[in-house]
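Structure file upload.txt (compact mmCIF, C-alpha atoms) is printed below.
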# COMPACT_ATOMS: atom_id res chain seq x y z
CA MET L 1 -98.79 90.35 12.74
CA SER L 2 -101.97 88.25 12.89
CA GLU L 3 -102.71 85.63 10.26
CA HIS L 4 -105.62 87.78 9.08
CA ASN L 5 -103.25 90.67 8.37
CA ARG L 6 -101.08 88.31 6.34
CA ALA L 7 -104.00 87.23 4.15
CA PRO L 8 -103.45 88.18 0.50
CA VAL L 9 -105.61 90.90 -1.02
CA GLY L 10 -108.98 89.49 -2.03
CA VAL L 11 -108.86 86.64 0.51
CA ASP L 12 -111.47 86.60 3.28
CA PRO L 13 -109.89 84.80 6.26
CA PHE L 14 -113.06 85.18 8.34
CA ARG L 15 -115.21 82.78 6.29
CA PRO L 16 -114.41 79.10 5.76
CA ASN L 17 -113.06 78.20 2.34
CA PRO L 18 -113.41 74.69 0.82
CA ALA L 19 -109.75 74.32 -0.19
CA ARG L 20 -108.47 75.44 3.19
CA VAL L 21 -110.95 73.27 5.13
CA TYR L 22 -109.89 70.29 3.00
CA ASN L 23 -106.24 71.15 3.68
CA TYR L 24 -107.03 71.14 7.41
CA MET L 25 -108.79 67.77 7.18
CA LEU L 26 -105.73 66.30 5.43
CA GLY L 27 -103.45 67.56 8.19
CA GLY L 28 -102.09 70.56 6.31
CA LYS L 29 -101.14 73.89 7.87
CA ASP L 30 -102.31 76.28 5.14
CA ASN L 31 -105.63 77.34 6.70
CA TYR L 32 -107.15 80.01 8.94
CA ASP L 33 -109.09 80.02 12.22
CA ALA L 34 -112.41 80.12 10.37
CA ASP L 35 -111.48 77.03 8.35
CA ARG L 36 -110.37 75.10 11.43
CA ALA L 37 -113.47 76.13 13.39
CA TYR L 38 -115.74 74.97 10.55
CA GLY L 39 -113.80 71.72 10.20
CA ASP L 40 -114.01 71.08 13.95
CA ARG L 41 -117.77 71.59 13.91
CA MET L 42 -118.07 69.02 11.12
CA LEU L 43 -115.87 66.61 13.09
CA GLU L 44 -118.11 67.02 16.14
CA VAL L 45 -121.08 65.92 14.05
CA ALA L 46 -119.20 63.28 12.05
CA PRO L 47 -115.79 62.30 13.47
CA ASP L 48 -115.07 60.25 10.33
CA THR L 49 -114.99 63.34 8.09
CA LYS L 50 -111.20 63.22 7.98
CA VAL L 51 -111.51 59.64 6.71
CA THR L 52 -113.75 60.91 3.92
CA ALA L 53 -111.16 63.52 3.01
CA TRP L 54 -108.47 60.87 2.71
CA HIS L 55 -110.80 58.63 0.68
CA SER L 56 -111.35 61.53 -1.72
CA ARG L 57 -107.61 62.16 -1.98
CA ARG L 58 -106.92 58.48 -2.67
CA PHE L 59 -109.61 58.46 -5.36
CA LEU L 60 -108.07 61.51 -7.05
CA LEU L 61 -104.56 60.07 -7.06
CA GLN L 62 -105.69 56.63 -8.23
CA ALA L 63 -107.66 58.25 -11.06
CA VAL L 64 -104.55 60.18 -12.09
CA GLY L 65 -102.56 56.97 -12.10
CA LEU L 66 -105.22 55.22 -14.18
CA ALA L 67 -105.19 58.07 -16.71
CA ALA L 68 -101.39 58.13 -16.94
CA GLU L 69 -101.25 54.36 -17.39
CA ALA L 70 -103.74 54.76 -20.25
CA GLY L 71 -101.24 57.08 -21.96
CA ILE L 72 -102.82 60.42 -21.06
CA ARG L 73 -100.13 63.04 -20.49
CA GLN L 74 -102.30 66.15 -20.01
CA PHE L 75 -104.14 66.91 -16.77
CA VAL L 76 -106.47 69.81 -15.99
CA ASP L 77 -106.98 69.85 -12.22
CA ILE L 78 -109.90 72.17 -11.48
CA GLY L 79 -110.19 73.09 -7.83
CA ALA L 80 -106.69 71.78 -7.27
CA GLY L 81 -106.50 73.17 -3.75
CA ILE L 82 -103.39 73.88 -1.74
CA PRO L 83 -100.55 71.56 -2.82
CA ILE L 84 -100.00 68.60 -0.52
CA SER L 85 -97.72 65.71 -1.40
CA PRO L 86 -98.20 63.43 -3.21
CA ASN L 87 -99.53 65.91 -5.76
CA VAL L 88 -101.22 65.23 -9.08
CA HIS L 89 -98.07 65.97 -11.05
CA GLU L 90 -95.97 63.66 -8.89
CA VAL L 91 -98.25 60.70 -9.54
CA ALA L 92 -98.72 61.48 -13.25
CA GLN L 93 -95.03 62.09 -13.94
CA GLY L 94 -94.04 59.02 -11.96
CA ILE L 95 -95.81 57.02 -14.67
CA GLU L 96 -95.54 59.37 -17.65
CA PRO L 97 -92.53 61.70 -17.17
CA THR L 98 -93.67 64.06 -19.93
CA ALA L 99 -97.05 64.72 -18.26
CA ILE L 100 -98.14 68.34 -17.84
CA VAL L 101 -100.63 69.72 -15.34
CA ALA L 102 -102.78 72.85 -15.32
CA SER L 103 -103.35 73.35 -11.58
CA ILE L 104 -106.45 75.53 -11.43
CA ASP L 105 -108.21 77.15 -8.48
CA PHE L 106 -110.37 80.24 -8.03
CA ASP L 107 -109.01 81.10 -4.57
CA PRO L 108 -106.21 83.70 -4.57
CA VAL L 109 -104.62 82.18 -1.45
CA VAL L 110 -104.52 78.76 -3.12
CA TYR L 111 -102.97 80.36 -6.19
CA ALA L 112 -100.35 82.07 -4.00
CA HIS L 113 -99.48 78.82 -2.24
CA SER L 114 -99.33 76.95 -5.54
CA ASN L 115 -96.94 79.48 -7.02
CA ALA L 116 -94.73 79.25 -3.94
CA LEU L 117 -94.80 75.49 -3.45
CA LEU L 118 -94.74 74.39 -7.09
CA THR L 119 -92.01 76.76 -8.28
CA GLY L 120 -89.43 74.66 -10.05
CA ALA L 121 -91.76 71.69 -10.58
CA PRO L 122 -91.46 70.97 -14.30
CA GLY L 123 -94.65 70.72 -16.30
CA VAL L 124 -96.92 72.25 -13.63
CA THR L 125 -98.66 75.59 -14.15
CA PRO L 126 -100.75 77.20 -11.38
CA ILE L 127 -103.71 79.11 -12.85
CA LEU L 128 -106.25 81.40 -11.20
CA ALA L 129 -109.64 80.59 -12.76
CA ASP L 130 -113.18 79.56 -11.83
CA ILE L 131 -115.07 76.49 -13.07
CA ARG L 132 -118.13 78.74 -13.40
CA GLU L 133 -116.28 80.36 -16.32
CA PRO L 134 -115.42 77.24 -18.35
CA ASP L 135 -114.34 79.10 -21.48
CA LYS L 136 -111.77 81.01 -19.45
CA VAL L 137 -110.61 77.75 -17.82
CA LEU L 138 -110.11 76.18 -21.25
CA GLU L 139 -108.38 79.23 -22.70
CA LEU L 140 -105.93 79.61 -19.80
CA ALA L 141 -105.21 75.88 -19.64
CA SER L 142 -104.26 76.08 -23.30
CA SER L 143 -102.41 79.41 -23.39
CA GLU L 144 -100.61 79.20 -20.02
CA ALA L 145 -100.15 75.47 -19.40
CA GLY L 146 -99.88 74.28 -23.00
CA ILE L 147 -102.83 71.88 -22.81
CA ASP L 148 -103.76 70.68 -26.33
CA PHE L 149 -107.44 69.81 -26.28
CA SER L 150 -107.18 68.10 -29.66
CA GLN L 151 -105.37 65.32 -27.76
CA PRO L 152 -106.65 63.21 -24.84
CA VAL L 153 -106.78 65.01 -21.50
CA ALA L 154 -107.84 64.08 -17.98
CA ILE L 155 -110.09 66.74 -16.45
CA LEU L 156 -110.15 66.39 -12.66
CA ILE L 157 -113.03 68.01 -10.73
CA VAL L 158 -112.73 66.60 -7.22
CA GLY L 159 -114.50 68.28 -4.31
CA VAL L 160 -115.65 71.27 -6.35
CA LEU L 161 -119.08 70.85 -7.94
CA HIS L 162 -121.00 70.49 -4.67
CA PHE L 163 -119.93 74.06 -3.87
CA VAL L 164 -121.47 75.37 -7.10
CA MET L 165 -125.13 76.22 -6.67
CA ASP L 166 -127.71 75.28 -9.30
CA ASP L 167 -128.25 78.90 -10.36
CA GLU L 168 -124.52 79.10 -11.16
CA GLN L 169 -125.02 76.62 -14.02
CA PRO L 170 -122.64 73.78 -13.01
CA PHE L 171 -124.15 71.36 -15.52
CA ASP L 172 -123.63 73.80 -18.38
CA ALA L 173 -120.04 74.40 -17.24
CA VAL L 174 -119.19 70.70 -17.19
CA ALA L 175 -120.96 70.18 -20.52
CA ARG L 176 -118.65 72.83 -22.03
CA LEU L 177 -115.63 71.00 -20.64
CA ARG L 178 -116.90 67.66 -22.00
CA GLU L 179 -117.38 69.27 -25.40
CA ALA L 180 -113.74 70.39 -25.44
CA MET L 181 -112.41 66.92 -24.59
CA ALA L 182 -110.91 64.83 -27.39
CA PRO L 183 -111.85 61.13 -27.75
CA GLY L 184 -109.91 59.05 -25.26
CA SER L 185 -110.15 61.76 -22.60
CA LEU L 186 -111.29 61.11 -19.02
CA LEU L 187 -113.55 63.18 -16.77
CA VAL L 188 -112.94 62.55 -13.05
CA ILE L 189 -115.57 63.81 -10.60
CA GLN L 190 -116.14 63.56 -6.87
CA HIS L 191 -119.36 65.06 -5.46
CA ALA L 192 -121.11 65.11 -2.08
CA SER L 193 -124.29 63.01 -2.07
CA ILE L 194 -127.71 63.77 -0.69
CA ASN L 195 -127.41 60.37 1.01
CA THR L 196 -125.03 61.98 3.53
CA HIS L 197 -126.16 61.68 7.16
CA PRO L 198 -128.84 64.34 7.88
CA PHE L 199 -126.96 65.67 10.93
CA PHE L 200 -123.93 66.39 8.78
CA LYS L 201 -125.96 68.00 5.99
CA ASN L 202 -127.76 70.29 8.44
CA ALA L 203 -124.59 71.30 10.27
CA ALA L 204 -122.67 71.91 7.03
CA SER L 205 -125.44 74.09 5.65
CA ILE L 206 -125.97 76.10 8.84
CA HIS L 207 -122.31 76.82 9.57
CA ALA L 208 -121.37 77.67 5.99
CA THR L 209 -124.32 79.85 4.99
CA ASN L 210 -123.32 82.55 2.50
CA SER L 211 -119.72 81.33 2.41
CA PRO L 212 -117.81 79.54 -0.38
CA SER L 213 -118.07 76.37 1.74
CA GLN L 214 -121.87 76.18 1.55
CA PRO L 215 -122.53 72.73 0.03
CA ASN L 216 -125.18 71.52 -2.39
CA PHE L 217 -125.78 67.83 -1.72
CA ARG L 218 -127.14 66.34 -4.95
CA PRO L 219 -128.80 62.94 -5.53
CA PRO L 220 -126.84 60.31 -7.48
CA GLU L 221 -129.04 60.65 -10.57
CA ARG L 222 -128.22 64.35 -10.77
CA VAL L 223 -124.50 63.79 -10.27
CA ARG L 224 -124.62 61.21 -13.06
CA GLU L 225 -125.77 63.96 -15.43
CA PHE L 226 -122.28 65.45 -15.27
CA PHE L 227 -121.16 62.38 -17.25
CA ASP L 228 -123.78 62.70 -20.02
CA GLY L 229 -122.44 61.21 -23.25
CA LEU L 230 -119.49 59.53 -21.55
CA GLU L 231 -118.83 55.89 -20.73
CA LEU L 232 -118.67 55.43 -16.95
CA LEU L 233 -115.74 53.18 -16.07
CA PRO L 234 -116.18 50.41 -13.47
CA PRO L 235 -117.28 50.45 -10.71
CA GLY L 236 -119.45 53.36 -11.95
CA LEU L 237 -120.64 56.27 -9.83
CA VAL L 238 -120.35 54.98 -6.26
CA PRO L 239 -119.37 56.24 -2.80
CA ALA L 240 -115.63 56.70 -2.31
CA ASN L 241 -115.29 53.77 0.07
CA GLU L 242 -116.80 51.48 -2.60
CA TRP L 243 -114.64 52.90 -5.40
CA LEU L 244 -111.46 52.21 -3.43
CA ALA L 245 -110.33 48.65 -2.90
CA GLY L 246 -110.16 47.11 0.55
CA ASN L 247 -113.72 46.79 1.91
CA LEU L 248 -113.61 50.24 3.51
CA SER L 249 -116.43 51.27 5.81
CA PRO L 250 -118.96 53.92 4.72
CA THR L 251 -118.70 57.38 6.26
CA SER L 252 -121.29 59.92 7.42
CA LEU L 253 -120.32 62.30 4.62
CA VAL L 254 -121.06 60.33 1.45
CA VAL L 255 -119.04 61.44 -1.58
CA LEU L 256 -119.75 59.91 -4.97
CA CYS L 257 -116.81 59.15 -7.25
CA GLY L 258 -116.80 58.40 -10.95
CA ILE L 259 -114.63 58.40 -14.07
CA GLY L 260 -116.14 58.93 -17.50
CA ARG L 261 -114.39 58.26 -20.81
CA LYS L 262 -115.15 60.08 -24.04
CA ASN L 263 -115.22 57.58 -26.90

Could I get this structure in the form of structure tokens?
Amino acid sequence: MSEHNRAPVGVDPFRPNPARVYNYMLGGKDNYDADRAYGDRMLEVAPDTKVTAWHSRRFLLQAVGLAAEAGIRQFVDIGAGIPISPNVHEVAQGIEPTAIVASIDFDPVVYAHSNALLTGAPGVTPILADIREPDKVLELASSEAGIDFSQPVAILIVGVLHFVMDDEQPFDAVARLREAMAPGSLLVIQHASINTHPFFKNAASIHATNSPSQPNFRPPERVREFFDGLELLPPGLVPANEWLAGNLSPTSLVVLCGIGRKN
């Protein structure tokens, strides 16, 4: 049986999907031919794209560690992607053993993998939901994962918002999530920047037209609007290589990373 015939109902294996392309870039095996072909085209244009993927992953996990060390024990991971170790819950629970995670994605194949791979992991609840429906995200995080939004929470939105087009109201969606956050909560965002190399932007747009992987590269000032009303923690909203320690080199695909705290 071909991999396309094994695809769950509702999953289109013929168009690249952000979570599966990211899984491929991280060295995972939970992806289809279309995802690998798209990823390979991006690597032809910018061979350091896999480095960017690892930078993004390191940023996510370091942000989780920072939140857990600050005493936050609730995590809402929106666009969680296909589980790949170390996972959010492993980092959070390594610091705060009582931490709970709502692992949210809109892709049915991600949800299927999460259910299979996270079965038996205490405190982790896979949820099928879409950031473009923030009220549903909040309701399911509360009712299914036990997230109490009257207490501090870390909302993680890494590698998601640049796949939400302007007419899909991403700023309104994030504003609704910010509104639900209690004081002391953290909002963690990673977003592709318009300062990405033009060759990469053109190739990404051409090869992903009308697919879920079509990106919207936004300027830093627009990405900063996602943090309206929050205190941006040092070093602010900066490219991933600058957020991470170690004098890392910039990459062709520029992703901006930031953590905002609600006071």

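Checking L:Asp105, L:Glu179, L:Glu44, L:Glu221 one by one against Ser150 (chain L), counting all atoms listed in the file, you find the shortest gap at L:Glu179.
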
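Computed from the coordinates, the CA of Ala70 (chain L) to CA of Met181 (chain L) distance equals 15.6 Å.
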
Within 12 Å of Asn23 (chain L) using all atoms listed in the file, minus same-chain residues under 3 positions, as an NGL selection string: :L and (16-20 or 26-32 or 35-36 or 39 or 50 or 53-54 or 57 or 80-85 or 110 or 113 or 159)

Using CA of Met42 (chain L) and CA of His162 (chain L) as the two end points, give the distance in Å to one decimal. 16.1 Å

What does the structure give for the distance between CA of Ala99 (chain L) and CA of Pro183 (chain L), in Å to one decimal? 17.9 Å

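Using all atoms listed in the file, the shortest contact distance between Val124 (chain L) and any of L:Glu139, L:Pro220, L:Val164, L:Gln74 is found at L:Gln74.
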
Which of L:Val51, L:Val223, L:Ile100, L:Cys257 sits closest to Phe171 (chain L) [using all atoms listed in the file]: L:Val223

Taking a cut-off of 12 Å and counting only C-alpha atoms, can you build a table that, for each residue of region 56-156 of chain L near region 245-253 of chain L, reports the nearest atom pair and how far apart they are in Å (one decimal), sorted by chain then residue number, as a Markdown table?
| residue | atom | partner | partner_atom | distance |
| --- | --- | --- | --- | --- |
| L:Ser56 | CA | L:Leu253 | CA | 11.0 |
| L:Arg58 | CA | L:Ala245 | CA | 10.4 |
| L:Phe59 | CA | L:Ala245 | CA | 10.1 |
| L:Gln62 | CA | L:Ala245 | CA | 10.7 |
